[in-house]
Amino acid sequence: MELYKYDTHVHTSQGSACSTWKGSSIVERLHELGYSGCFITDHFFNGNSAVDRSLPWDVKIHLFCQGYEDAKKRGDELGFQVFFGWEFAMNGTEFLTYGLDKQFLLDNPEIMQMPLERYADFVHEKGGFIVHAHPFREAWYIPLVRLYPKSVDGIEGINCGNSPEQNERAQWYGKSYNLPIVGGTDAHNLWNYHSGGIALDEKLTCAHDYLDRLRNFRITKVLEPSNAAHLPWPEDAGSYAVRNSIELLNDEMKQKAIDFLNSQK
Ligand SMILES: [Zn+2]
Ligand SMILES: [Zn+2]
């Protein structure tokens, strides 16, 4: 049976301060590796976003989406599916959010003030869905393990940035609540790309097709991390990061950004 691979958790350098690969380069590499598509899930403003948080909300959202838009444009050229998402955080607990668009973000700045359980309800009300990213990760930025089994549509049971023990706990957690288990690489660069994610028996028709598969436990396979696609690490790795830029905004947004920045001087 032919399987179609998707990476559900990817960071671009335009959207995520900790990522070094721009959206279009990620797409080229994943396409080369035989993936059918990916979800771009940059860190939102409550995580390690690459966007200047002082800017007005609409300007920030347009900048935030530049990594996805760069990926999507290249994906369309290559016949590679690129879906929009983001990683929403509260004190290190992170929800991969899917099935909503830029307009949802533009319309709803109040999400920044919502506790995670309210945020999850709101996302569902608006037609989106959530996978709890690496629920048992232990790291300096995660003071507490918080679980929201009633708020999420799936559990990231294999996160390629986690230890096997942390992933095993996540799988145990998901299974004990009868929540579907998925995988994502959490890629921040592609020199050490771990080739994880999910594999499906058919291509996704849209982002909500992924939700449909979660609800019906139709994730054909969750991919184990592998080093097979690793590339030599360049000495100038840091210089690869292409950041979001007000130069790429439309005239109205660009002017708004410039006026705002001038007013802060
Ligand atoms: Zn990151
Ligand atoms: Zn992530």
# chains A, B, ... in the order shown; residues from 1 in each chain; ligands from 1

$ closest_atom_pairs --of "chain A" --to "ligand 1" --cutoff "7 Å" --atoms "only C-alpha atoms and all ligand atoms" --output "JSON lines"
{"residue": "A:His11", "atom": "CA", "partner": "ligand 1", "partner_atom_place_in_ligand_line": "1 (Zn)", "distance": 6.9}
{"residue": "A:Ser16", "atom": "CA", "partner": "ligand 1", "partner_atom_place_in_ligand_line": "1 (Zn)", "distance": 6.2}
{"residue": "A:Ala17", "atom": "CA", "partner": "ligand 1", "partner_atom_place_in_ligand_line": "1 (Zn)", "distance": 6.9}
{"residue": "A:Cys18", "atom": "CA", "partner": "ligand 1", "partner_atom_place_in_ligand_line": "1 (Zn)", "distance": 4.7}
{"residue": "A:Ser19", "atom": "CA", "partner": "ligand 1", "partner_atom_place_in_ligand_line": "1 (Zn)", "distance": 6.3}
{"residue": "A:His43", "atom": "CA", "partner": "ligand 1", "partner_atom_place_in_ligand_line": "1 (Zn)", "distance": 6.5}
{"residue": "A:Asn48", "atom": "CA", "partner": "ligand 1", "partner_atom_place_in_ligand_line": "1 (Zn)", "distance": 6.0}
{"residue": "A:His188", "atom": "CA", "partner": "ligand 1", "partner_atom_place_in_ligand_line": "1 (Zn)", "distance": 6.4}

$ write_last_selection --atoms "N, CA and C atoms" --output "short mmCIF file (atom, residue, chain, number, x, y, z; two decimals), in the first residue's frame"
data_model
loop_
_atom_site.label_atom_id
_atom_site.label_comp_id
_atom_site.auth_asym_id
_atom_site.auth_seq_id
_atom_site.Cartn_x
_atom_site.Cartn_y
_atom_site.Cartn_z
N HIS A 11 8.53 24.41 11.97
CA HIS A 11 8.78 25.84 12.26
C HIS A 11 9.59 26.51 11.16
N SER A 16 9.32 31.69 13.52
CA SER A 16 9.83 31.20 14.79
C SER A 16 11.28 31.64 14.98
N ALA A 17 11.55 32.30 16.11
CA ALA A 17 12.89 32.84 16.36
C ALA A 17 13.94 31.73 16.45
N CYS A 18 13.52 30.52 16.84
CA CYS A 18 14.45 29.41 17.04
C CYS A 18 14.65 28.58 15.77
N SER A 19 13.99 28.94 14.67
CA SER A 19 14.15 28.18 13.44
C SER A 19 15.14 28.86 12.52
N HIS A 43 5.71 29.25 16.23
CA HIS A 43 5.42 29.68 17.60
C HIS A 43 4.61 30.98 17.56
N ASN A 48 7.98 31.30 21.21
CA ASN A 48 9.23 31.90 20.71
C ASN A 48 9.04 32.45 19.29
N HIS A 188 13.10 22.53 13.32
CA HIS A 188 13.52 23.93 13.36
C HIS A 188 14.62 24.21 12.34
#

$ residues_near_ligand --ligand "ligand 2" --cutoff "10 Å" --atoms "only C-alpha atoms and all ligand atoms" --output "ChimeraX atom specification"
/A:8-11,16,18-19,40-44,47-48,86-89,94-96,133-134,159,161,184-188

$ residues_around --residues "Arg243 (chain A)" --least-positions-apart "5" --cutoff "8 Å" --atoms "only C-alpha atoms" --output "list of chain:residue names"
A:Ser13, A:Gln14, A:Gly15, A:Lys22, A:Ala50

$ closest_residue --among "A:His31, A:His208, A:Lys150, A:Lys254" --to "Gly99 (chain A)" --atoms "only C-alpha atoms"
A:His208

$ closest_atom_pairs --of "region 32-88 of chain A" --to "region 248-252 of chain A" --cutoff "9 Å" --atoms "only C-alpha atoms" --output "JSON lines"
{"residue": "A:Val59", "atom": "CA", "partner": "A:Leu249", "partner_atom": "CA", "distance": 8.3}
{"residue": "A:His62", "atom": "CA", "partner": "A:Leu249", "partner_atom": "CA", "distance": 7.2}
{"residue": "A:Leu63", "atom": "CA", "partner": "A:Leu249", "partner_atom": "CA", "distance": 7.5}
{"residue": "A:Gln66", "atom": "CA", "partner": "A:Leu248", "partner_atom": "CA", "distance": 8.4}

$ select_by_dssp --residues "region 164-196 of chain A" --states "alpha helix (DSSP H)" --output "list of chain:residue names"
A:Pro164, A:Glu165, A:Gln166, A:Asn167, A:Glu168, A:Arg169, A:Ala170, A:Gln171, A:Trp172, A:Tyr173, A:Gly174, A:Lys175, A:Ser176

$ write_last_selection --atoms "C-alpha atoms" --output "compact mmCIF listing (two decimals), in the first residue's frame"
# COMPACT_ATOMS: atom_id res chain seq x y z
CA PRO A 164 11.77 8.14 23.96
CA GLU A 165 10.59 8.14 27.62
CA GLN A 166 8.77 11.45 27.16
CA ASN A 167 7.12 10.13 24.00
CA GLU A 168 6.14 6.88 25.72
CA ARG A 169 4.42 8.86 28.47
CA ALA A 170 2.56 10.90 25.85
CA GLN A 171 1.36 7.71 24.13
CA TRP A 172 0.28 6.21 27.44
CA TYR A 173 -1.62 9.42 28.21
CA GLY A 174 -3.34 9.53 24.82
CA LYS A 175 -4.33 5.88 24.95
CA SER A 176 -5.66 6.12 28.48

$ atom_distance --atom1 "CA of Phe122 (chain A)" --atom2 "CA of Asp209 (chain A)"
20.0 Å

$ closest_residue --among "A:Ile26, A:Leu211, A:Met112, A:Val123" --to "Arg53 (chain A)" --atoms "only C-alpha atoms"
A:Met112

$ atom_distance --atom1 "CA of Asn91 (chain A)" --atom2 "CA of Arg118 (chain A)"
15.2 Å

$ closest_residue --among "A:Phe80, A:Asn227, A:Pro135, A:Val242" --to "Trp21 (chain A)" --atoms "only C-alpha atoms"
A:Val242

$ select_by_dssp --residues "region 197-231 of chain A" --states "strand (DSSP E)" --output "list in words"
Gly197, Ile198, Ala199, Leu200, Lys221, Val222 and Leu223 of chain A

$ write_last_selection --atoms "C-alpha atoms" --output "tab-separated table (two decimals), in the first residue's frame"
chain	number	residue	atom	x	y	z
A	197	GLY	CA	5.28	12.79	11.20
A	198	ILE	CA	2.39	10.64	10.03
A	199	ALA	CA	1.68	8.49	7.00
A	200	LEU	CA	-1.80	8.13	5.53
A	221	LYS	CA	1.00	5.17	10.73
A	222	VAL	CA	2.93	7.38	13.13
A	223	LEU	CA	6.51	7.68	11.92

$ residues_around --residues "Pro225 (chain A)" --least-positions-apart "2" --cutoff "6 Å" --atoms "only C-alpha atoms" --output "PyMOL selection string"
chain A and resi 160+194-196
